[in-house]
$ cat start33.txt   # compact mmCIF, N, CA and C atoms
# COMPACT_ATOMS: atom_id res chain seq x y z
N MET A 47 11.42 41.85 -4.53
CA MET A 47 10.45 42.80 -4.08
C MET A 47 10.59 43.05 -2.58
N VAL A 48 10.81 41.99 -1.81
CA VAL A 48 10.98 42.13 -0.37
C VAL A 48 12.25 42.89 -0.07
N VAL A 49 13.31 42.63 -0.84
CA VAL A 49 14.59 43.30 -0.62
C VAL A 49 14.43 44.80 -0.85
N ALA A 50 13.67 45.20 -1.84
CA ALA A 50 13.46 46.62 -2.12
C ALA A 50 12.77 47.30 -0.94
N PHE A 51 11.83 46.65 -0.31
CA PHE A 51 11.16 47.23 0.83
C PHE A 51 12.11 47.37 2.02
N TYR A 52 12.98 46.40 2.22
CA TYR A 52 13.92 46.50 3.32
C TYR A 52 14.94 47.60 3.08
N ARG A 53 15.34 47.83 1.85
CA ARG A 53 16.32 48.88 1.55
C ARG A 53 15.73 50.27 1.77
N THR A 54 14.47 50.42 1.51
CA THR A 54 13.87 51.73 1.68
C THR A 54 13.49 52.01 3.13
N GLY A 55 13.64 51.06 4.00
CA GLY A 55 13.37 51.29 5.41
C GLY A 55 12.01 50.84 5.87
N PHE A 56 11.16 50.39 4.97
CA PHE A 56 9.85 49.91 5.38
C PHE A 56 9.96 48.53 6.00
N ARG A 57 9.19 48.27 7.00
CA ARG A 57 9.13 46.94 7.59
C ARG A 57 7.74 46.39 7.32
N LEU A 58 7.72 45.29 6.66
CA LEU A 58 6.43 44.67 6.34
C LEU A 58 6.18 43.53 7.29
N LYS A 59 5.25 43.69 8.18
CA LYS A 59 4.94 42.63 9.12
C LYS A 59 4.30 41.44 8.43
N SER A 60 3.54 41.69 7.38
CA SER A 60 2.90 40.58 6.69
C SER A 60 3.94 39.69 6.01
N VAL A 61 5.02 40.27 5.52
CA VAL A 61 6.08 39.48 4.90
C VAL A 61 6.75 38.62 5.96
N ARG A 62 7.01 39.18 7.13
CA ARG A 62 7.62 38.40 8.20
C ARG A 62 6.72 37.25 8.63
N VAL A 63 5.44 37.55 8.76
CA VAL A 63 4.50 36.50 9.16
C VAL A 63 4.45 35.42 8.10
N MET A 64 4.43 35.81 6.85
CA MET A 64 4.41 34.82 5.77
C MET A 64 5.67 33.96 5.80
N GLU A 65 6.82 34.60 6.03
CA GLU A 65 8.07 33.85 6.11
C GLU A 65 8.05 32.89 7.29
N GLU A 66 7.53 33.36 8.42
CA GLU A 66 7.49 32.50 9.61
C GLU A 66 6.52 31.34 9.46
N VAL A 67 5.51 31.51 8.64
CA VAL A 67 4.54 30.43 8.44
C VAL A 67 5.03 29.46 7.38
N PHE A 68 5.51 29.98 6.26
CA PHE A 68 5.82 29.11 5.13
C PHE A 68 7.21 28.48 5.20
N GLU A 69 8.13 29.05 5.93
CA GLU A 69 9.46 28.45 6.02
C GLU A 69 9.43 27.09 6.71
N PRO A 70 8.81 26.95 7.88
CA PRO A 70 8.74 25.61 8.48
C PRO A 70 7.88 24.64 7.66
N LEU A 71 6.85 25.16 7.02
CA LEU A 71 6.02 24.31 6.18
C LEU A 71 6.82 23.79 4.99
N GLY A 72 7.62 24.66 4.40
CA GLY A 72 8.48 24.24 3.29
C GLY A 72 9.52 23.22 3.72
N ARG A 73 10.10 23.43 4.89
CA ARG A 73 11.08 22.46 5.41
C ARG A 73 10.42 21.11 5.66
N PHE A 74 9.20 21.13 6.20
CA PHE A 74 8.48 19.88 6.46
C PHE A 74 8.19 19.15 5.15
N ILE A 75 7.75 19.86 4.14
CA ILE A 75 7.45 19.22 2.85
C ILE A 75 8.72 18.64 2.24
N LEU A 76 9.83 19.35 2.32
CA LEU A 76 11.09 18.83 1.78
C LEU A 76 11.57 17.61 2.56
N ARG A 77 11.38 17.60 3.87
CA ARG A 77 11.76 16.42 4.66
C ARG A 77 10.92 15.21 4.28
N VAL A 78 9.64 15.41 4.04
CA VAL A 78 8.77 14.31 3.64
C VAL A 78 9.19 13.78 2.27
N ILE A 79 9.49 14.67 1.36
CA ILE A 79 9.94 14.25 0.03
C ILE A 79 11.26 13.49 0.14
N LYS A 80 12.18 13.99 0.96
CA LYS A 80 13.47 13.32 1.16
C LYS A 80 13.27 11.93 1.75
N TRP A 81 12.36 11.82 2.72
CA TRP A 81 12.09 10.53 3.35
C TRP A 81 11.50 9.55 2.33
N ILE A 82 10.62 10.03 1.50
CA ILE A 82 10.01 9.16 0.48
C ILE A 82 11.06 8.68 -0.51
N ILE A 83 11.95 9.57 -0.93
CA ILE A 83 12.98 9.19 -1.89
C ILE A 83 13.95 8.19 -1.26
N ILE A 84 14.40 8.44 -0.04
CA ILE A 84 15.33 7.52 0.61
C ILE A 84 14.66 6.18 0.87
N ASP A 85 13.41 6.20 1.30
CA ASP A 85 12.69 4.95 1.54
C ASP A 85 12.52 4.18 0.24
N ALA A 86 12.25 4.87 -0.84
CA ALA A 86 12.09 4.20 -2.14
C ALA A 86 13.41 3.57 -2.59
N ILE A 87 14.51 4.27 -2.37
CA ILE A 87 15.81 3.71 -2.76
C ILE A 87 16.10 2.45 -1.96
N ILE A 88 15.88 2.50 -0.66
CA ILE A 88 16.15 1.33 0.16
C ILE A 88 15.20 0.19 -0.17
N GLU A 89 13.92 0.52 -0.31
CA GLU A 89 12.92 -0.52 -0.51
C GLU A 89 13.05 -1.19 -1.88
N PHE A 90 13.13 -0.40 -2.92
CA PHE A 90 13.09 -0.98 -4.26
C PHE A 90 14.45 -1.35 -4.80
N VAL A 91 15.42 -0.48 -4.63
CA VAL A 91 16.72 -0.73 -5.26
C VAL A 91 17.55 -1.71 -4.44
N LEU A 92 17.83 -1.37 -3.19
CA LEU A 92 18.70 -2.23 -2.38
C LEU A 92 18.03 -3.56 -2.05
N LYS A 93 16.78 -3.49 -1.60
CA LYS A 93 16.10 -4.72 -1.21
C LYS A 93 15.81 -5.60 -2.44
N GLY A 94 15.43 -4.98 -3.54
CA GLY A 94 15.16 -5.75 -4.75
C GLY A 94 16.41 -6.43 -5.29
N THR A 95 17.50 -5.70 -5.33
CA THR A 95 18.76 -6.27 -5.80
C THR A 95 19.23 -7.39 -4.88
N GLY A 96 19.16 -7.15 -3.59
CA GLY A 96 19.57 -8.18 -2.63
C GLY A 96 18.70 -9.41 -2.72
N HIS A 97 17.40 -9.23 -2.92
CA HIS A 97 16.49 -10.37 -3.04
C HIS A 97 16.84 -11.23 -4.26
N VAL A 98 17.07 -10.60 -5.39
CA VAL A 98 17.43 -11.34 -6.60
C VAL A 98 18.77 -12.05 -6.42
N GLU A 99 19.74 -11.37 -5.84
CA GLU A 99 21.05 -11.99 -5.66
C GLU A 99 20.99 -13.18 -4.70
N LEU A 100 20.27 -13.03 -3.60
CA LEU A 100 20.16 -14.15 -2.66
C LEU A 100 19.43 -15.33 -3.29
N LYS A 101 18.40 -15.05 -4.06
CA LYS A 101 17.69 -16.15 -4.74
C LYS A 101 18.61 -16.87 -5.72
N LEU A 102 19.41 -16.12 -6.45
CA LEU A 102 20.32 -16.74 -7.42
C LEU A 102 21.45 -17.51 -6.74
N LEU A 103 22.03 -16.93 -5.70
CA LEU A 103 23.17 -17.57 -5.04
C LEU A 103 22.78 -18.79 -4.21
N THR A 104 21.57 -18.79 -3.66
CA THR A 104 21.16 -19.91 -2.81
C THR A 104 20.17 -20.84 -3.51
N PHE A 105 20.03 -20.68 -4.82
CA PHE A 105 19.13 -21.51 -5.63
C PHE A 105 17.70 -21.50 -5.09
N GLY A 106 17.24 -20.34 -4.67
CA GLY A 106 15.85 -20.15 -4.25
C GLY A 106 15.55 -20.44 -2.80
N LYS A 107 16.55 -20.84 -2.01
CA LYS A 107 16.29 -21.17 -0.60
C LYS A 107 16.11 -19.92 0.25
N TYR A 108 16.92 -18.89 0.03
CA TYR A 108 16.84 -17.64 0.77
C TYR A 108 16.53 -16.52 -0.20
N PRO A 109 15.96 -15.44 0.16
CA PRO A 109 15.49 -15.02 1.47
C PRO A 109 14.10 -15.58 1.76
N ARG A 110 13.90 -15.93 3.00
CA ARG A 110 12.60 -16.42 3.42
C ARG A 110 11.67 -15.24 3.63
N ALA A 111 10.42 -15.44 3.35
CA ALA A 111 9.44 -14.35 3.40
C ALA A 111 9.31 -13.81 4.83
N GLY A 112 9.57 -12.52 5.00
CA GLY A 112 9.40 -11.85 6.28
C GLY A 112 10.48 -12.08 7.31
N ARG A 113 11.46 -12.92 7.03
CA ARG A 113 12.47 -13.23 8.04
C ARG A 113 13.85 -12.69 7.70
N ASP A 114 14.17 -12.52 6.45
CA ASP A 114 15.52 -12.15 6.05
C ASP A 114 15.59 -10.79 5.37
N GLU A 115 14.76 -9.86 5.80
CA GLU A 115 14.75 -8.55 5.14
C GLU A 115 16.03 -7.77 5.41
N GLY A 116 16.57 -7.87 6.61
CA GLY A 116 17.82 -7.18 6.93
C GLY A 116 18.97 -7.69 6.10
N ARG A 117 19.04 -8.99 5.94
CA ARG A 117 20.10 -9.57 5.11
C ARG A 117 19.93 -9.19 3.65
N THR A 118 18.69 -9.12 3.22
CA THR A 118 18.42 -8.76 1.84
C THR A 118 18.92 -7.36 1.53
N VAL A 119 18.64 -6.40 2.41
CA VAL A 119 19.11 -5.03 2.21
C VAL A 119 20.63 -4.97 2.31
N ALA A 120 21.22 -5.72 3.22
CA ALA A 120 22.67 -5.72 3.37
C ALA A 120 23.35 -6.27 2.12
N VAL A 121 22.83 -7.35 1.57
CA VAL A 121 23.40 -7.93 0.36
C VAL A 121 23.25 -6.96 -0.81
N GLY A 122 22.11 -6.28 -0.90
CA GLY A 122 21.93 -5.28 -1.95
C GLY A 122 22.91 -4.14 -1.82
N PHE A 123 23.13 -3.66 -0.59
CA PHE A 123 24.08 -2.57 -0.36
C PHE A 123 25.50 -3.00 -0.70
N ILE A 124 25.88 -4.19 -0.26
CA ILE A 124 27.23 -4.69 -0.54
C ILE A 124 27.44 -4.85 -2.04
N SER A 125 26.43 -5.31 -2.75
CA SER A 125 26.57 -5.48 -4.19
C SER A 125 26.78 -4.13 -4.89
N PHE A 126 26.06 -3.09 -4.44
CA PHE A 126 26.27 -1.77 -5.04
C PHE A 126 27.64 -1.22 -4.71
N VAL A 127 28.13 -1.48 -3.53
CA VAL A 127 29.48 -1.03 -3.17
C VAL A 127 30.51 -1.73 -4.05
N VAL A 128 30.35 -3.03 -4.25
CA VAL A 128 31.28 -3.78 -5.09
C VAL A 128 31.24 -3.27 -6.52
N VAL A 129 30.06 -3.00 -7.04
CA VAL A 129 29.94 -2.49 -8.41
C VAL A 129 30.63 -1.13 -8.53
N PHE A 130 30.41 -0.23 -7.57
CA PHE A 130 31.04 1.09 -7.65
C PHE A 130 32.56 1.01 -7.48
N VAL A 131 33.05 0.10 -6.66
CA VAL A 131 34.51 -0.07 -6.52
C VAL A 131 35.09 -0.61 -7.82
N CYS A 132 34.42 -1.56 -8.43
CA CYS A 132 34.91 -2.08 -9.72
C CYS A 132 34.90 -1.00 -10.80
N LEU A 133 33.86 -0.19 -10.83
CA LEU A 133 33.82 0.91 -11.80
C LEU A 133 34.92 1.93 -11.55
N ALA A 134 35.21 2.19 -10.28
CA ALA A 134 36.28 3.12 -9.94
C ALA A 134 37.65 2.57 -10.33
N MET A 135 37.82 1.26 -10.22
CA MET A 135 39.09 0.66 -10.61
C MET A 135 39.28 0.66 -12.13
N ILE A 136 38.18 0.54 -12.85
CA ILE A 136 38.26 0.56 -14.32
C ILE A 136 38.57 1.96 -14.82
N ALA A 137 37.95 2.94 -14.23
CA ALA A 137 38.08 4.34 -14.72
C ALA A 137 39.39 4.96 -14.38
$ encode --input "start33.txt" --output "structure tokens"
Amino acid sequence: MVVAFYRTGFRLKSVRVMEEVFEPLGRFILRVIKWIIIDAIIEFVLKGTGHVELKLLTFGKYPRAGRDEGRTVAVGFISFVVVFVCLAMIA
């Protein structure tokens, strides 16, 4: 509909204003959704996997509560990399 107005030579100021208002708002909403998804992946998938692996490998000694979160995420990330490399070698 907007394209038809531009082809006929009409300029709709209300359409421009709407675009100028809603475009940054839409970008902001998408950035928030992206941040939530990335945070969820890091928090639940990588940290959860790393926590379970460290508990199994160290017989429950590590990770210590509140002190080894960086290591937990790193171990989770490394484990996913190893899994994907193994899958790539099989395929």
$ residues_near_point --input "start33.txt" --point "(21.6, -7.0, 0.1)" --cutoff "8 Å" --atoms "all atoms listed in the file" --output "PyMOL selection string"
chain A and resi 92-100+115-126
$ write_last_selection --input "start33.txt" --atoms "N, CA and C atoms" --output "PDB file, keeping the file's coordinate frame"
ATOM      1  N   LEU A  92      17.830  -1.370  -3.190  1.00  0.00           N
ATOM      2  CA  LEU A  92      18.700  -2.230  -2.380  1.00  0.00           C
ATOM      3  C   LEU A  92      18.030  -3.560  -2.050  1.00  0.00           C
ATOM      4  N   LYS A  93      16.780  -3.490  -1.600  1.00  0.00           N
ATOM      5  CA  LYS A  93      16.100  -4.720  -1.210  1.00  0.00           C
ATOM      6  C   LYS A  93      15.810  -5.600  -2.440  1.00  0.00           C
ATOM      7  N   GLY A  94      15.430  -4.980  -3.540  1.00  0.00           N
ATOM      8  CA  GLY A  94      15.160  -5.750  -4.750  1.00  0.00           C
ATOM      9  C   GLY A  94      16.410  -6.430  -5.290  1.00  0.00           C
ATOM     10  N   THR A  95      17.500  -5.700  -5.330  1.00  0.00           N
ATOM     11  CA  THR A  95      18.760  -6.270  -5.800  1.00  0.00           C
ATOM     12  C   THR A  95      19.230  -7.390  -4.880  1.00  0.00           C
ATOM     13  N   GLY A  96      19.160  -7.150  -3.590  1.00  0.00           N
ATOM     14  CA  GLY A  96      19.570  -8.180  -2.630  1.00  0.00           C
ATOM     15  C   GLY A  96      18.700  -9.410  -2.720  1.00  0.00           C
ATOM     16  N   HIS A  97      17.400  -9.230  -2.920  1.00  0.00           N
ATOM     17  CA  HIS A  97      16.490 -10.370  -3.040  1.00  0.00           C
ATOM     18  C   HIS A  97      16.840 -11.230  -4.260  1.00  0.00           C
ATOM     19  N   VAL A  98      17.070 -10.600  -5.390  1.00  0.00           N
ATOM     20  CA  VAL A  98      17.430 -11.340  -6.600  1.00  0.00           C
ATOM     21  C   VAL A  98      18.770 -12.050  -6.420  1.00  0.00           C
ATOM     22  N   GLU A  99      19.740 -11.370  -5.840  1.00  0.00           N
ATOM     23  CA  GLU A  99      21.050 -11.990  -5.660  1.00  0.00           C
ATOM     24  C   GLU A  99      20.990 -13.180  -4.700  1.00  0.00           C
ATOM     25  N   LEU A 100      20.270 -13.030  -3.600  1.00  0.00           N
ATOM     26  CA  LEU A 100      20.160 -14.150  -2.660  1.00  0.00           C
ATOM     27  C   LEU A 100      19.430 -15.330  -3.290  1.00  0.00           C
ATOM     28  N   GLU A 115      14.760  -9.860   5.800  1.00  0.00           N
ATOM     29  CA  GLU A 115      14.750  -8.550   5.140  1.00  0.00           C
ATOM     30  C   GLU A 115      16.030  -7.770   5.410  1.00  0.00           C
ATOM     31  N   GLY A 116      16.570  -7.870   6.610  1.00  0.00           N
ATOM     32  CA  GLY A 116      17.820  -7.180   6.930  1.00  0.00           C
ATOM     33  C   GLY A 116      18.970  -7.690   6.100  1.00  0.00           C
ATOM     34  N   ARG A 117      19.040  -8.990   5.940  1.00  0.00           N
ATOM     35  CA  ARG A 117      20.100  -9.570   5.110  1.00  0.00           C
ATOM     36  C   ARG A 117      19.930  -9.190   3.650  1.00  0.00           C
ATOM     37  N   THR A 118      18.690  -9.120   3.220  1.00  0.00           N
ATOM     38  CA  THR A 118      18.420  -8.760   1.840  1.00  0.00           C
ATOM     39  C   THR A 118      18.920  -7.360   1.530  1.00  0.00           C
ATOM     40  N   VAL A 119      18.640  -6.400   2.410  1.00  0.00           N
ATOM     41  CA  VAL A 119      19.110  -5.030   2.210  1.00  0.00           C
ATOM     42  C   VAL A 119      20.630  -4.970   2.310  1.00  0.00           C
ATOM     43  N   ALA A 120      21.220  -5.720   3.220  1.00  0.00           N
ATOM     44  CA  ALA A 120      22.670  -5.720   3.370  1.00  0.00           C
ATOM     45  C   ALA A 120      23.350  -6.270   2.120  1.00  0.00           C
ATOM     46  N   VAL A 121      22.830  -7.350   1.570  1.00  0.00           N
ATOM     47  CA  VAL A 121      23.400  -7.930   0.360  1.00  0.00           C
ATOM     48  C   VAL A 121      23.250  -6.960  -0.810  1.00  0.00           C
ATOM     49  N   GLY A 122      22.110  -6.280  -0.900  1.00  0.00           N
ATOM     50  CA  GLY A 122      21.930  -5.280  -1.950  1.00  0.00           C
ATOM     51  C   GLY A 122      22.910  -4.140  -1.820  1.00  0.00           C
ATOM     52  N   PHE A 123      23.130  -3.660  -0.590  1.00  0.00           N
ATOM     53  CA  PHE A 123      24.080  -2.570  -0.360  1.00  0.00           C
ATOM     54  C   PHE A 123      25.500  -3.000  -0.700  1.00  0.00           C
ATOM     55  N   ILE A 124      25.880  -4.190  -0.260  1.00  0.00           N
ATOM     56  CA  ILE A 124      27.230  -4.690  -0.540  1.00  0.00           C
ATOM     57  C   ILE A 124      27.440  -4.850  -2.040  1.00  0.00           C
ATOM     58  N   SER A 125      26.430  -5.310  -2.750  1.00  0.00           N
ATOM     59  CA  SER A 125      26.570  -5.480  -4.190  1.00  0.00           C
ATOM     60  C   SER A 125      26.780  -4.130  -4.890  1.00  0.00           C
ATOM     61  N   PHE A 126      26.060  -3.090  -4.440  1.00  0.00           N
ATOM     62  CA  PHE A 126      26.270  -1.770  -5.040  1.00  0.00           C
ATOM     63  C   PHE A 126      27.640  -1.220  -4.710  1.00  0.00           C
TER      64      PHE A 126
END
$ atom_distance --input "start33.txt" --atom1 "CA of Ile79 (chain A)" --atom2 "CA of Val91 (chain A)"
17.3 Å
$ select_by_dssp --input "start33.txt" --residues "chain A" --states "helix (DSSP H, G or I)" --output "ChimeraX atom specification"
/A:48-53,59-103,115-136
$ atom_distance --input "start33.txt" --atom1 "atom C of Leu102 (chain A)" --atom2 "atom C of Val128 (chain A)"
17.3 Å
$ atom_distance --input "start33.txt" --atom1 "atom N of Phe90 (chain A)" --atom2 "atom N of Gly112 (chain A)"
14.9 Å
